[in-house]
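The structure appears below as structure tokens.
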Amino acid sequence: MKSLQINSKFIPLLITIALFGGLFVAGSVSYRGFFSMQVVLNLLVDNSFLIIVALSQALIIIMGGIDLSCGALIALSSMVVAYSMSHLNFHPALAILAVLGVCSLFGFIQGWLITYQKFQPFISTLCGMFIARGMCFMINQDTVPITDPFFMTMATTRIKLMPGAVISTSVLVALAILAIYIYIAHFTRFGRAVYAIGGNEQSARLMGLPVDRTKVMAYTLSGFTSGLAGIVFCFYMLSAYGLNAMALEMDAIAAAVIGGTLMTGGVGYVIGAVFGVMIEGIMQTLITFQGDLNSWWTRIAIAFLLCVFIVVQRILVLKRESRKVMRPVEFLD
Amino acid sequence: MGTRDPLLKMLGVCKEFPGVKALNHVDFELRHGEIHAVCGENGAGKSTLIKVLTGVEIHDSGEIILEGRPIRPRTPMEAPALGISTVYQEVNLCPNLSVAENIFVGREPMRGGKIDWDDVNRRSAEALARLNVKLDVTARLDEYSVAIQQMVAIARALDISAKILVLDEPTSSLNKTEVANLFRVMRKLKSAGIGIIFITHFLEQVYEITDRITILRNGQLVGQFETASLDRLQLIAKMIGKDLEEFEKGIKESLSDTASAETEGVYYRATQLGQLGSINPFDISIGKGEVMGLAGLLGSGRTESARVIFGIDAPDSGDVSVNGESVSIRKPADAIRLGFGFCSENRKTEGIVANLTIRENIVLALQGKRGLLAFLTRKEQEEIADKYVKLLNIVTPSIEQLVGNLSGGNQQKVLLARWLATDPELLILDEPTRGIDIGAKAEVQKLVLQLSGEGKAVLLISSELDEMVRCCSRMAVYKDKHKIGELRNKEISELNVMKTIAGGLN
């Protein structure tokens with residue numbers, strides 16, 4: 001009884017993981033060469049920057065907000081890194097620090113507007129998105145290549161897990177961020193305040209939680225994380241261009257939702273977003289293996305999946321609401 | 001113990017809002033280990049008193065002394081730190097978090113830089129065990145009933161170290177067993193020396209659990225009484241501000257004696273109509289040409305009855321017939337089609353549309369009744385609006401005036417006009433004269449009697465008992481969400497209403 005009850009919290013997450021497993025099995029059965037560790041690991045290699053922003057997106061959505069600026073911030077971050085090193089001769093460490101600082105400040109301002117000036121998160125981060133995109137082209141209108149030895153090393157180093165299974169350094173960064181986000185979400189007061197705000201902001205306030213501070217911190221963290229994703233993006237691309245990572249924020253939102261995060265806030269797990277990204281990735285892979293399908297079918301498939309997930313969530317919520325029988329309670333005397 | 005200072009003293013507390021003195025030199029005292037009821041009707045100042053105490057509002061003058069030290073809570077966050085916690089009817093917790101988290105969120109025990117979840121869960125279970133409640137603290141809060149959520153809120157308050165617990169209408173949505181459990185907990189806390197301020201509309205609960213009663217009326221202190229020495233009739237009289245002796249010799253002066261009851265047969269009849277949680281099943285009939293009153297104290301179930309009759313809250317039991325034919329009323333549109341009208345007590349939120357003109361407001365219900373296809377032409381609309389502006393003496397330069405710019409009394413008349421325009425067979429008026437001046441009051445009352453003279457059925461609810469006595473030819477009396485009796489014609493007097501409330505349903 002007890003284990004069954006606890007499971008109900010995890011149902012959306014379990015569905016996501018099961019779906020990923022199902023897609024992998026389907027691919028393995030249908031296509032030669034699909035069933036390999038490397039296919040799964042490539043999902044991480046090719047999407048590590050997306051995993052990073054999906055994690056921060058999930059936390060923001062759990063808080064009842066949204067961050068549309070993360071895709072543009074990736075572009076801005078990689079542009080600042082590339083430009084400062086190639087044109088301004090910044091040391092790579094300095095370039096990275098500068099970029100993390102700029103993106104954190106970006107997130108902080110968005111959070112401040114949302115919290116203290118009562119901007120809608122959608123509008124505040126939409127403005128952020130436009131400004132970040134615009135700033136990319138203020139810095140440089142062309143592709144800026146990265147030739148710095150540190151970045152070259154990071155980009156090309158492969159870590160061998162076992163024969164025929166390698167990952168890039170970006171994957172390590174993404175996994176480290178995952179660990180940090182799980183820690184933040186479930187083992188810090190800040191993380192629990194995020195969940196409380198998503199559940200009922202008014203109550204959170206009346207319970208004496210530092211609601212305003214938490215919101216500003218969450219958006220600042222999101223900006224910082226986007227900056228980090230931009231650096232990882234540089235490892236992946238070894239160049240920067242203002243139109244990179246277009247609409248990536250939408251993929252991040254989709255990943256969070258597929259991962260079981262409710263757009264209404266308060267419900268979800270950051271790790272779900274990782275599986276959300278993996279599902280998006282494996283669909284792409286499936287279509288590539290199919291060979292004769294246009295790769296844009298991925299988009300249609302993801303749209304379909306999103307609809308299915310929203311319906312599943314809706315059913316779960318309705319079930320919760322319609323449940324007349326509450327959990328049993330004992331009264332001791 | 002006897003020589004100890006009182007736990008809390010409020011002296012000469014004043015709070016003024018624009019245009020109204022919500023608290024006018026109110027004193028209040030709470031002892032250690034006492035359950036203290038605060039009673040009063042609409043606008044008495046109960047909620048303002050609590051808001052001042054809990055830091056939601058800041059008083060203009062006066063003193064609050066907690067255990068001998070003056071305090072001045074300025075935000076809802078400061079009060080709990082001082083030891084004053086509030087548990088509302090609408091539980092202010094986070095439904096998506098676990099029970100344990102709701103008790104500890106914001107002050108979780110940390111170990112090695114991480115929240116110590118074992119400790120959170122263990123200490124939550126202990127905190128609930130102190131309230132004699134045992135449950136799975138790792139389950140989501142919303143998997144438990146409202147009654148249990150209140151217990152969780154109380155556990156949180158006590159764990160933050162509450163000296164004073166304010167329970168604001170905690171029993172409104174609880175069933176009997178849940179109320180009994182809550183009372184057991186309250187008694188336990190009382191014996192631990194905690195002072196409890198208990199606000200409720202349920203009179204019998206006041207007598208069951210409280211030690212003393214503070215009565216407020218119109219922002220002023222009526223008095224503080226030992227519960228045991230104040231009988232129900234006195235309590236009711238003090239709450240609605242009547243002097244008992246005055247009634248003993250007083251005679252009923254009713255306008256409605258001219259309108260005889262039930263002469264033209266029954267228009268509306270309901271048997272065992274009710275809605276779980278808001279109003280217990282009741283029987284009621286309303287005759288053509290009759291003014292039926294729904295009397296009772298605030299929260300007694302009178303408004304709830306009217307809402308169920310009109311279908312705003314769909315009834316979950318009972319049969320209804322109109323003109324002898326069985327009907328089903330599940331939503332307001334059903335009622336409107338049958339020829340009912342309903343003027344809500346919340347004029348601002350459920351009645352007028354402030355940013356539409358008088359004309360638009362008046363034709364709203366009629367247009368709704370006719371359907372969107374049978375559109376009223378501008379000319380028809382103007383004729384209707386003109387007619388009612390004249391009939392009801394609505395004071396305005398033009399029918400194109402925005403209703404938001406009118407005085408309260410004129411807004412009320414516009415609302416009445418809206419329903420009169422639909423030519424209703426049954427008109428429900430919930431507090432039609434609240435907050436309007438005396439002249440307008442008299443006009444509305446006259447209109448009510450005029451309607452009944454035309455053979456319409458009227459259902460009237462008013463906090464002003466003398467108004468009810470003057471207008472009604474029959475009266476249903478409510479208490480604690482039950483209909484407990486009916487008075488007719490000569491029986492109708494303020495004293496009899498109060499006696500019925502005091503005596504009924506113990």
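Starting from 1 in every chain, residues are counted up; chains themselves are A, B, ... following the order of the structure tokens, and ligands are numbered from 1 as listed.
Every protein or nucleic acid residue with an atom no more than 8 Å from segment 205-207 of chain B, counting only C-alpha atoms and leaving out same-chain residues fewer than 6 positions away, appears here: B:Ala37, B:Thr227, B:Ala228.
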As a ChimeraX atom specification, please: the residues near segment 136-145 of chain A (cut-off 9 Å, only C-alpha atoms, same-chain neighbours under 4 positions excluded). /A:72,75-77,79-80,82-83,86,131-132,237-243
What's the 12 Å shell around Pro6 of chain B, counting only C-alpha atoms, without same-chain residues fewer than 5 positions away, as a ChimeraX atom specification? /B:1,28-34,64-69,163-164,193-195
Fewer than 2 positions away in the same chain doesn't count, so skip those; otherwise give me all residues within 6 Å of Phe187 of chain A, counting only C-alpha atoms, as a list in words. Tyr183 and Ile184 of chain A; Lys114 and Ile115 of chain B
Identify all residues of segment 299-383 of chain B in strand (DSSP E or B) (DSSP on the backbone) and supply them as a list of chain:residue names.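 So, restricting segment 299-383 of chain B to strand (DSSP E or B), we get B:Ser317, B:Gly318, B:Asp319, B:Val320, B:Ser321, B:Val322, B:Glu325, B:Ser326, B:Val327, B:Phe340, B:Gly341, B:Phe342, B:Cys343, B:Thr357.
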Atom-to-atom span, atom CA of Leu88 of chain A and atom CA of Ala155 of chain A, Å: 21.5 Å
Residues of chain B no more than 7 Å from chain A, counting only C-alpha atoms: send them over as a VMD selection string. chain B and resid 76 to 77 92 to 97 105 to 106 108 114 to 115 132 to 135 143 to 145
Restricting the calculation to only C-alpha atoms: of A:Ala273, A:Val216, A:Val53, A:Met135, which residue gets closest to Val232 of chain A?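 So, comparing all the options, the nearest one is A:Val53.
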Just the helix (DSSP H, G or I) stuff from segment 43-86 of chain A, please, per backbone DSSP, written as a short mmCIF file (atom, residue, chain, number, x, y, z; two decimals) with C-alpha atoms, in the first residue's frame.
```cif
data_model
loop_
_atom_site.label_atom_id
_atom_site.label_comp_id
_atom_site.auth_asym_id
_atom_site.auth_seq_id
_atom_site.Cartn_x
_atom_site.Cartn_y
_atom_site.Cartn_z
CA LEU A 43 22.47 11.79 -27.06
CA LEU A 44 24.36 13.26 -24.12
CA VAL A 45 27.31 14.40 -26.22
CA ASP A 46 25.15 16.19 -28.78
CA ASN A 47 22.76 17.73 -26.26
CA SER A 48 24.83 18.55 -23.19
CA PHE A 49 24.20 22.31 -23.50
CA LEU A 50 20.47 21.62 -23.88
CA ILE A 51 20.49 19.40 -20.80
CA ILE A 52 22.05 22.21 -18.81
CA VAL A 53 19.45 24.81 -19.78
CA ALA A 54 16.62 22.27 -19.46
CA LEU A 55 17.62 21.75 -15.82
CA SER A 56 17.44 25.45 -15.02
CA GLN A 57 14.24 25.77 -17.06
CA ALA A 58 12.66 22.94 -15.05
CA LEU A 59 13.48 24.64 -11.75
CA ILE A 60 12.06 27.95 -12.98
CA ILE A 61 8.87 26.26 -14.19
CA ILE A 62 8.55 24.42 -10.86
CA CYS A 70 18.14 30.92 -22.17
CA GLY A 71 18.58 30.18 -25.90
CA ALA A 72 19.61 33.76 -26.67
CA LEU A 73 21.87 33.79 -23.61
CA ILE A 74 23.69 30.72 -24.96
CA ALA A 75 24.33 32.61 -28.19
CA LEU A 76 25.43 35.72 -26.30
CA SER A 77 27.61 33.75 -23.93
CA SER A 78 29.42 31.91 -26.71
CA MET A 79 29.79 35.15 -28.66
CA VAL A 80 31.33 36.95 -25.69
CA VAL A 81 33.72 34.06 -25.05
CA ALA A 82 34.80 33.80 -28.70
CA TYR A 83 35.08 37.53 -29.28
CA SER A 84 36.90 38.36 -26.05
CA MET A 85 39.48 35.69 -26.73
CA SER A 86 39.98 36.32 -30.46
#
```
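What separates atom CA of Glu126 of chain B from atom CA of Met186 of chain B is a distance of 17.4 Å.
Every protein, DNA or RNA residue with an atom at most 8 Å from segment 295-312 of chain A, where only C-alpha atoms count and chain neighbours fewer than 2 positions away do not, is listed here: Pro12, Ala254, Val257, Ile258, Gly260, Glu280, Met283, Gln284, Ile287, Thr288, Leu293, Arg314, Ile315 and Leu316 of chain A.
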Just the residues within 9 Å of segment 373-378 of chain B, please, counting only C-alpha atoms, with nothing from its chain fewer than 6 positions along; format it as a ChimeraX atom specification. /B:363,366-367
Work out how far apart atom CA of Gln272 of chain B and atom CA of Gly289 of chain B are and give it in Å to one decimal.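 Computing it gives 23.4 Å between the two atoms.
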